[in-house]
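Colleague: The structure is given below, and queries will be raised subsequently.
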Amino acid sequence: MQTTIKGLKHWSLSLLGSAGLVLTPLASAIADEEIRYSGYYENATFVRDSVGLSKFRNTMQLNAERKIGEFGLFSNVSWNAVLRGSYDGVYDLNKNEYGRNAGGPVMLENIGGGNSVPHGGGLKLPNTFDVANNPNEGMVVLGEHLHNTDGGVAFGVPVRPCDVDSRGCIKGYLDKDTDDLRYSEFNDRLDFIRELYVDFDYGLDNGHILSTRLGKQQVVWGRTDLFRVLDVINPVDFSRNNIYDELQDIRIPMWILKTDYRMGPGEIFDDLNLSFVWNFDRFRPHDIGQCGSPNNILDAACFFRGMNNLWENGGTVSNFAGGVLATDFGPGQIGIRKAHMPAWSLSNGQFGIKLEGVYGDIGFSLNALTYRSQLPSLRGGVPGQNGFTGEVAAWPSLIAFDIHFPRVNLIGGSLDYYAQGIDTVFRMEVAHTEGEEFANTLQSRLYSESDVTRFVVGADKNIFLPFLNRKRAFLFSGQLFGQKIHEHQVKDGPAGKVGMPDWKHNFIGTLLVKGWWMNDRLSPQILAAHDFKAEATAIAPSIEWLVNDRLKITGGANIKVGRGAREFDDCRSCNPWDPFTAAFSGHPAGQSLGLGGYEPLGRFRAGPIGMAQKEDELQLTVRYSF
């Protein structure tokens with residue numbers, strides 16, 4: 001199968017990246033009057049402030065379905081397939097920012113010994129690194145697109161694709177080569193298959209029905225938009241357009257068995273259904289982007305890549321020793337060692353159950369799921385080398401980590417209600433999880449576990465604004481997302497706050513206003529999202545024009561305003577090596593003072609909107625459907 005995928009890649013490449021053309025023979029092969037097929041071609045061109053071209057993605061999607069009907073013991077048998085291929089030309093057209101020429105030499109702040117030093121020019125420990133193995137080229141300074149180092153920690157991060165520069169590419173995770181970035185769907189997980197499943201029903205003697213869907217699919221549990229509270233069965237591809245694309249376009253389909261026990265109406269409920277979900281696919285985390293790609297949520301992938309480079313090759317960290325001197329660390333002393341990707345087994349899958357029903361004007365669900373966290377957790381306690389003595393041990397509070405994806409258990413529910421008197425739909429979701437892990441500089445392994453409660457409440461209402469349009473109402477849709485970390489730990493240290501950088505309580509509000517003109521062919525809208533704790537706002541105005549039944553043009557922008565970068569304890573003062581501690585810090589080993597900067601933990605307080613303050617874009621999308 002790998003040979004086939006590589007063949008598809010090279011075929012696409014030879015056609016100048018029109019990945020959709022790979023699907024053309026398939027379209028011809030299924031040209032059968034019993035099979036219904038459709039699709040589209042789309043070009044998305046984005047231009048980012050101070051960067052230039054940030055996306056030139058060409059997408060072709062083909063949808064096919066066939067209804068078979070009766071088949072042996074089963075009824076309503078059908079199959080469905082959705083194939084999608086894309087080519088993002090930004091890696092060829094703007095290679096100085098995102099391709100093989102990205103990055104360059106870097107200078108790192110050194111407030112205790114002059115303004116700055118080049119990578120490799122910091123204070124040398126007895127066990128240091130060789131610049132020949134980690135040269136000062138093809139890098140950026142961590143977080144520099146958002147803020148100055150300003151007395152905090154930072155280091156050089158390689159940004160070129162992993163086939164050009166393998167430094168910091170974590171094996172099995174965040175290790176994409178140039179073609180993986182250009183042709184994101186063509187990989188060993190067969191992501192060009194967006195959907196491929198069969199549906200069938202089995203009638204029971206009591207009149208109830210077992211309705212089953214088996215294959216690669218998206219399972220949608222949520223009732224609200226934008227926020228993933230219950231809708232966590234499929235991971236999400238944030239590399240496509242950060243948090244701003246529709247979930248249906250960025251969910252990563254998985255091989256899943258879903259069976260609904262349809263009980264229908266009864267004495268109490270107007271409808272009742274019990275759903276079982278088994279995700280038996282090999283574990284898949286969120287795609288958070290890769291450092292050196294345009295969309296890199298929270299800038300986390302750059303932090304991970306830079307930290308892995310420090311572990312594998314050593315490097316220079318700004319303002320580290322004593323909080324003021326740039327310091328050269330050797331390999332295996334600090335950083336990220338590796339990612340533990342959960343092995344595939346039947347017992348290591350994800351299992352969920354949902355009871356869903358309707359009672360009058362109320363729709364509801366009760367949900368339970370056990371799954372692997374789709375976001376990475378950094379666990380300390382990794383054996384590292386003492387930069388002074390060369391001794392290797394699992395030092396408490398050492399800034400050395402492995403990446404894990406812990407098991408999480410979720411219970412929750414949802415509700416929607418149509419209030420006829422005010423013609424408004426209200427929606428709500430709530431979920432409580434156990435097993436999630438968070439960075440915590442109060443703990444010796446620099447992380448801790450906590451239960452988390454999340455909720456979303458929303459309302460949709462059509463309102464006439466006659467001074468704008470006398471014939472068509474506007475859609476107003478608002479949502480409020482909330483999160484509480486129950487075992488939250490934070491306290492004041494001598495130099496600032498110490499503990500969990502994530503907020504104990506946080507809220508994000510969204511508002512969508514959408515209108516229609518020209519017989520619904522012209523539709524402007526504005527979507528705004530505000531992160532209350534981060535004090536950051538994203539505003540996305542757009543206009544959609546249906547030129548005809550096949551051609552749609554959408555122009556818009558994505559603008560961020562707000563405070564931007566936030567500071568938090570960066571754990572420089574956690575350093576556990578006694579000689580190092582005595583020489584530079586003068587405090588007990590493993591004690592964090594709250595000495596803080598923007599990097600690396602401030603990103604969790606800034607959130608995905610705050611960490612994207614410098615990513616304002618103009619966007620144009622053209623789609624032709626067939």
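Chains: A, B, ... in order of the structure tokens. Residues: from 1 per chain. Ligands: from 1, in order shown.
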Per residue of region 330-407 of chain A within 8 Å of region 267-273 of chain A, what are the shortest atom pair and its distance in Å to one decimal, counting only C-alpha atoms, with rows by chain and residue number, as JSON lines?
Modeller:
{"residue": "A:Leu355", "atom": "CA", "partner": "A:Asn273", "partner_atom": "CA", "distance": 5.9}
{"residue": "A:Glu356", "atom": "CA", "partner": "A:Asn273", "partner_atom": "CA", "distance": 5.2}
{"residue": "A:Gly357", "atom": "CA", "partner": "A:Leu272", "partner_atom": "CA", "distance": 4.2}
{"residue": "A:Val358", "atom": "CA", "partner": "A:Asp271", "partner_atom": "CA", "distance": 5.1}
{"residue": "A:Tyr359", "atom": "CA", "partner": "A:Phe269", "partner_atom": "CA", "distance": 5.0}
{"residue": "A:Gly360", "atom": "CA", "partner": "A:Asp270", "partner_atom": "CA", "distance": 6.8}
Colleague: Could you write those residues out with C-alpha atoms, as an mmCIF file, in the first residue's frame?
Modeller:
data_model
loop_
_atom_site.group_PDB
_atom_site.id
_atom_site.type_symbol
_atom_site.label_atom_id
_atom_site.label_comp_id
_atom_site.auth_asym_id
_atom_site.auth_seq_id
_atom_site.Cartn_x
_atom_site.Cartn_y
_atom_site.Cartn_z
ATOM 1 C CA LEU A 355 -28.539 7.697 24.822
ATOM 2 C CA GLU A 356 -30.343 10.201 22.637
ATOM 3 C CA GLY A 357 -33.991 11.152 22.541
ATOM 4 C CA VAL A 358 -36.710 13.709 21.936
ATOM 5 C CA TYR A 359 -39.313 14.837 24.444
ATOM 6 C CA GLY A 360 -41.655 17.449 23.049
#
Colleague: Report the residues of region 290-531 of chain A whose backbone DSSP state falls under alpha helix (DSSP H), written as a PyMOL selection string.
Modeller: chain A and resi 300-313
Colleague: Those residues you just picked out, can you put them in a file as a PDB file, in the first residue's frame with C-alpha atoms?
Modeller:
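Output file selection-v4.pdb follows:
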ATOM      1  CA  ALA A 300       3.213  24.384  20.212  1.00  0.00           C
ATOM      2  CA  ALA A 301       4.866  22.514  17.355  1.00  0.00           C
ATOM      3  CA  CYS A 302       7.740  25.030  17.355  1.00  0.00           C
ATOM      4  CA  PHE A 303       8.214  24.540  21.086  1.00  0.00           C
ATOM      5  CA  PHE A 304       8.241  20.750  20.622  1.00  0.00           C
ATOM      6  CA  ARG A 305      10.643  20.866  17.688  1.00  0.00           C
ATOM      7  CA  GLY A 306      13.024  23.238  19.417  1.00  0.00           C
ATOM      8  CA  MET A 307      12.983  21.149  22.601  1.00  0.00           C
ATOM      9  CA  ASN A 308      13.646  17.919  20.702  1.00  0.00           C
ATOM     10  CA  ASN A 309      16.541  19.624  18.924  1.00  0.00           C
ATOM     11  CA  LEU A 310      17.957  20.623  22.317  1.00  0.00           C
ATOM     12  CA  TRP A 311      17.750  17.025  23.522  1.00  0.00           C
ATOM     13  CA  GLU A 312      19.206  15.447  20.387  1.00  0.00           C
ATOM     14  CA  ASN A 313      21.864  18.012  19.527  1.00  0.00           C
TER      15      ASN A 313
END
Colleague: If I take CA of Asn409 (chain A) and CA of Phe351 (chain A), how far is one from the other in Å, to one decimal?
Modeller: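 Between CA of Asn409 (chain A) and CA of Phe351 (chain A) the gap is 9.9 Å.
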Colleague: Write out as a count of residues only each polymer residue whose atoms come within 8 Å of Gly384 (chain A), counting only C-alpha atoms; drop sequence neighbours fewer than 4 positions from it.
Modeller: 9
Colleague: Which residue out of A:Leu551, A:Leu465, A:Phe192, A:Val164 has the minimum interatomic distance to Phe626 (chain A) when only C-alpha atoms are used?
Modeller: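 The answer is A:Leu551, which sits nearest to Phe626 (chain A).
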Colleague: Per DSSP on the backbone, filter region 247-317 of chain A down to the residues in strand (DSSP E) and report them as a list in words.
Modeller: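 The residues of region 247-317 of chain A classed as strand (DSSP E) are Met254, Trp255, Ile256, Leu257, Lys258, Thr259, Asp260, Tyr261, Arg262, Asp271, Leu272, Asn273, Leu274, Ser275, Phe276, Val277, Trp278, Asn279, Gly315, Thr316 and Val317 of chain A.
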Colleague: Which polymer residues have any atom within 9 Å of an atom of His119 (chain A), counting only C-alpha atoms, with same-chain residues fewer than 4 positions away left out, as a PyMOL selection string?
Modeller: chain A and resi 105-108+131+135-136+155-156+315-317+328
Colleague: Residues at most 7 Å from Gln350 (chain A), counting only C-alpha atoms, excluding those fewer than 4 positions away in the same chain, as a list in words?
Modeller: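 Those residues are Trp278, Asn279, Phe280, Thr370 and Tyr371 of chain A.
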Colleague: Could I get the residues of region 216-264 of chain A with an atom no further than 12 Å from an atom of region 44-53 of chain A, each paired with its nearest atom pair and that distance in Å to one decimal, using only C-alpha atoms, sorted by chain and residue number, as CSV?
Modeller:
residue,atom,partner,partner_atom,distance
A:Arg240,CA,A:Ala44,CA,10.9
A:Asn241,CA,A:Phe46,CA,10.2
A:Asp245,CA,A:Ala44,CA,11.9
Colleague: So that I have them on file, write out the residues from the current selection with C-alpha atoms, as a compact mmCIF listing (two decimals), in the first residue's frame.
Modeller:
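The new file part-v4.txt reads:
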# COMPACT_ATOMS: atom_id res chain seq x y z
CA ARG A 240 -5.45 23.15 7.76
CA ASN A 241 -6.55 26.54 9.08
CA ASP A 245 -12.34 25.96 9.53
Colleague: Quick one: residues within 10 Å of Gly610 (chain A), only C-alpha atoms counted, chain neighbours fewer than 6 positions away excluded, as a list in words?
Modeller: Leu146, Leu298, His530, Asp531, Ala534, Glu535, Ala536, Thr537, Ala538, Lys560, Val561, Gly562, Arg563, Gly564, Ala565, Arg566, Arg603 and Phe604 of chain A
Colleague: Keeping only all heavy atoms, take the residues you just selected and write them out as a short mmCIF file (atom, residue, chain, number, x, y, z; two decimals), in the first residue's frame.
Modeller:
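Okay, this is what ended up in selection29.cif:
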data_model
loop_
_atom_site.label_atom_id
_atom_site.label_comp_id
_atom_site.auth_asym_id
_atom_site.auth_seq_id
_atom_site.Cartn_x
_atom_site.Cartn_y
_atom_site.Cartn_z
N LEU A 146 5.81 36.66 17.54
CA LEU A 146 4.77 37.23 18.39
C LEU A 146 5.31 38.27 19.36
O LEU A 146 4.64 39.25 19.67
CB LEU A 146 4.08 36.11 19.18
CG LEU A 146 2.95 36.52 20.11
CD1 LEU A 146 1.82 37.15 19.31
CD2 LEU A 146 2.45 35.32 20.90
N LEU A 298 -1.19 27.41 18.86
CA LEU A 298 -0.46 27.75 20.08
C LEU A 298 1.05 27.86 19.88
O LEU A 298 1.79 28.01 20.85
CB LEU A 298 -0.74 26.72 21.20
CG LEU A 298 -2.02 26.87 22.00
CD1 LEU A 298 -2.14 25.72 23.00
CD2 LEU A 298 -2.08 28.20 22.73
N HIS A 530 -14.05 35.89 21.42
CA HIS A 530 -13.28 36.61 22.43
C HIS A 530 -12.91 35.68 23.56
O HIS A 530 -13.77 35.03 24.16
CB HIS A 530 -14.08 37.80 22.98
CG HIS A 530 -13.35 38.56 24.04
ND1 HIS A 530 -12.26 39.36 23.76
CD2 HIS A 530 -13.54 38.64 25.40
CE1 HIS A 530 -11.81 39.90 24.88
NE2 HIS A 530 -12.55 39.48 25.89
N ASP A 531 -11.60 35.60 23.87
CA ASP A 531 -11.08 34.83 24.99
C ASP A 531 -10.95 35.80 26.17
O ASP A 531 -10.11 36.70 26.16
CB ASP A 531 -9.72 34.23 24.62
CG ASP A 531 -9.17 33.27 25.67
OD1 ASP A 531 -9.38 33.54 26.86
OD2 ASP A 531 -8.53 32.28 25.29
N ALA A 534 -7.47 35.57 28.28
CA ALA A 534 -6.34 35.97 27.45
C ALA A 534 -6.48 37.39 26.93
O ALA A 534 -5.51 37.96 26.42
CB ALA A 534 -6.18 35.00 26.27
N GLU A 535 -7.69 37.96 27.03
CA GLU A 535 -7.97 39.30 26.53
C GLU A 535 -7.59 39.41 25.05
O GLU A 535 -6.90 40.33 24.62
CB GLU A 535 -7.23 40.35 27.36
CG GLU A 535 -7.60 40.33 28.83
CD GLU A 535 -6.77 41.31 29.65
OE1 GLU A 535 -6.30 42.31 29.08
OE2 GLU A 535 -6.61 41.07 30.86
N ALA A 536 -8.05 38.42 24.29
CA ALA A 536 -7.73 38.35 22.86
C ALA A 536 -9.00 38.09 22.07
O ALA A 536 -9.87 37.33 22.50
CB ALA A 536 -6.70 37.24 22.60
N THR A 537 -9.09 38.72 20.89
CA THR A 537 -10.28 38.62 20.06
C THR A 537 -9.89 38.34 18.62
O THR A 537 -8.91 38.90 18.11
CB THR A 537 -11.09 39.93 20.11
OG1 THR A 537 -11.42 40.24 21.48
CG2 THR A 537 -12.39 39.81 19.32
N ALA A 538 -10.65 37.46 17.97
CA ALA A 538 -10.52 37.22 16.54
C ALA A 538 -11.80 37.68 15.86
O ALA A 538 -12.90 37.37 16.33
CB ALA A 538 -10.26 35.75 16.25
N LYS A 560 -6.94 39.66 14.35
CA LYS A 560 -6.85 39.45 15.80
C LYS A 560 -6.48 40.76 16.48
O LYS A 560 -5.62 41.51 15.98
CB LYS A 560 -5.81 38.39 16.16
CG LYS A 560 -6.18 36.97 15.73
CD LYS A 560 -5.71 36.70 14.34
CE LYS A 560 -5.93 35.28 13.91
NZ LYS A 560 -5.55 35.06 12.49
N VAL A 561 -7.10 41.00 17.61
CA VAL A 561 -6.77 42.15 18.43
C VAL A 561 -6.69 41.68 19.88
O VAL A 561 -7.29 40.67 20.26
CB VAL A 561 -7.81 43.29 18.30
CG1 VAL A 561 -7.82 43.85 16.89
CG2 VAL A 561 -9.20 42.80 18.68
N GLY A 562 -5.94 42.41 20.71
CA GLY A 562 -5.89 42.05 22.12
C GLY A 562 -4.50 42.16 22.69
O GLY A 562 -3.58 42.72 22.09
N ARG A 563 -4.34 41.58 23.85
CA ARG A 563 -3.11 41.72 24.62
C ARG A 563 -1.96 40.94 24.03
O ARG A 563 -0.82 41.35 24.08
CB ARG A 563 -3.37 41.28 26.06
CG ARG A 563 -2.14 41.31 26.95
CD ARG A 563 -2.50 41.06 28.40
NE ARG A 563 -1.30 40.96 29.23
CZ ARG A 563 -1.32 40.84 30.54
NH1 ARG A 563 -2.49 40.79 31.17
NH2 ARG A 563 -0.21 40.74 31.23
N GLY A 564 -2.25 39.77 23.48
CA GLY A 564 -1.19 38.97 22.88
C GLY A 564 -0.44 38.12 23.89
O GLY A 564 -1.05 37.48 24.75
N ALA A 565 0.90 38.14 23.82
CA ALA A 565 1.73 37.24 24.62
C ALA A 565 1.51 37.45 26.11
O ALA A 565 1.27 38.57 26.58
CB ALA A 565 3.20 37.47 24.27
N ARG A 566 1.60 36.36 26.87
CA ARG A 566 1.45 36.39 28.33
C ARG A 566 2.67 35.72 28.97
O ARG A 566 3.27 34.81 28.41
CB ARG A 566 0.18 35.64 28.75
CG ARG A 566 -1.10 36.13 28.07
CD ARG A 566 -1.43 37.55 28.46
NE ARG A 566 -1.83 37.65 29.84
CZ ARG A 566 -3.09 37.75 30.26
NH1 ARG A 566 -4.08 37.77 29.38
NH2 ARG A 566 -3.38 37.84 31.55
N ARG A 603 2.26 30.57 26.57
CA ARG A 603 1.34 30.29 25.46
C ARG A 603 0.01 29.73 25.96
O ARG A 603 -1.04 29.94 25.34
CB ARG A 603 1.99 29.33 24.46
CG ARG A 603 2.24 27.93 25.01
CD ARG A 603 3.12 27.09 24.08
NE ARG A 603 4.45 27.65 24.01
CZ ARG A 603 5.00 28.08 22.87
NH1 ARG A 603 4.33 27.98 21.74
NH2 ARG A 603 6.21 28.59 22.87
N PHE A 604 0.03 29.01 27.09
CA PHE A 604 -1.20 28.43 27.59
C PHE A 604 -2.12 29.49 28.19
O PHE A 604 -3.33 29.29 28.28
CB PHE A 604 -0.91 27.35 28.63
CG PHE A 604 -0.14 26.19 28.06
CD1 PHE A 604 1.19 25.99 28.39
CD2 PHE A 604 -0.75 25.32 27.17
CE1 PHE A 604 1.89 24.92 27.85
CE2 PHE A 604 -0.04 24.25 26.62
CZ PHE A 604 1.28 24.06 26.96
#
Colleague: Smallest atom-to-atom distance to Ser573 (chain A): which of A:Phe455, A:Phe364, A:Phe320, A:Phe388, using only C-alpha atoms?
Modeller: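 Smallest distance to Ser573 (chain A) is found for A:Phe320.
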Colleague: Using only C-alpha atoms, which of A:Lys471, A:Arg521, A:Lys124, A:Lys514 sits nearest Ser542 (chain A)?
Modeller: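 Going through A:Lys471, A:Arg521, A:Lys124, A:Lys514 one by one, the smallest distance to Ser542 (chain A) is for A:Lys514.
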Colleague: How close does region 262-320 of chain A get to region 220-237 of chain A? List, as CSV, each residue of region 262-320 of chain A within 6 Å, its nearest atom pair and the distance in Å to one decimal, counting only C-alpha atoms.
Modeller:
residue,atom,partner,partner_atom,distance
A:Pro285,CA,A:Pro235,CA,6.0
A:His286,CA,A:Pro235,CA,4.9
A:Asp287,CA,A:Asp237,CA,4.6
Colleague: Restrict the selected residues to all heavy atoms and save them as a compact mmCIF listing (two decimals), in the first residue's frame.
Modeller:
# COMPACT_ATOMS: atom_id res chain seq x y z
N PRO A 285 -3.45 11.44 17.12
CA PRO A 285 -3.63 12.69 17.85
C PRO A 285 -4.12 13.80 16.91
O PRO A 285 -4.18 13.61 15.69
CB PRO A 285 -2.22 13.00 18.36
CG PRO A 285 -1.34 12.43 17.30
CD PRO A 285 -2.05 11.19 16.78
N HIS A 286 -4.46 14.95 17.48
CA HIS A 286 -4.71 16.13 16.65
C HIS A 286 -3.47 16.42 15.82
O HIS A 286 -2.32 16.21 16.27
CB HIS A 286 -4.99 17.35 17.52
CG HIS A 286 -6.27 17.31 18.29
ND1 HIS A 286 -7.46 16.88 17.75
CD2 HIS A 286 -6.56 17.68 19.57
CE1 HIS A 286 -8.42 16.98 18.65
NE2 HIS A 286 -7.89 17.44 19.76
N ASP A 287 -3.67 16.94 14.62
CA ASP A 287 -2.57 17.48 13.84
C ASP A 287 -2.46 18.96 14.23
O ASP A 287 -3.28 19.78 13.83
CB ASP A 287 -2.85 17.34 12.34
CG ASP A 287 -1.63 17.70 11.49
OD1 ASP A 287 -0.78 18.48 11.98
OD2 ASP A 287 -1.54 17.23 10.35
Colleague: Calculated over only C-alpha atoms, which of the candidates A:Glu615, A:Lys552, A:Asn296, A:Thr149 has the smallest distance to Tyr41 (chain A)?
Modeller: A:Lys552
Colleague: For each of A:Val430, A:Leu601, A:Ala459, A:Leu618, take the minimum atom-to-atom distance to Leu378 (chain A), counting only C-alpha atoms, then give the residue where this is smallest.
Modeller: A:Leu601
Colleague: Report, in Å with one decimal, the straight-line distance from CA of Pro376 (chain A) to CA of Ala439 (chain A).
Modeller: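 Between CA of Pro376 (chain A) and CA of Ala439 (chain A) the gap works out to 10.8 Å.
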Colleague: For Val498 (chain A), which residue out of A:Leu446, A:Met254, A:Cys291, A:Met263 is the nearest one, using only C-alpha atoms?
Modeller: A:Leu446
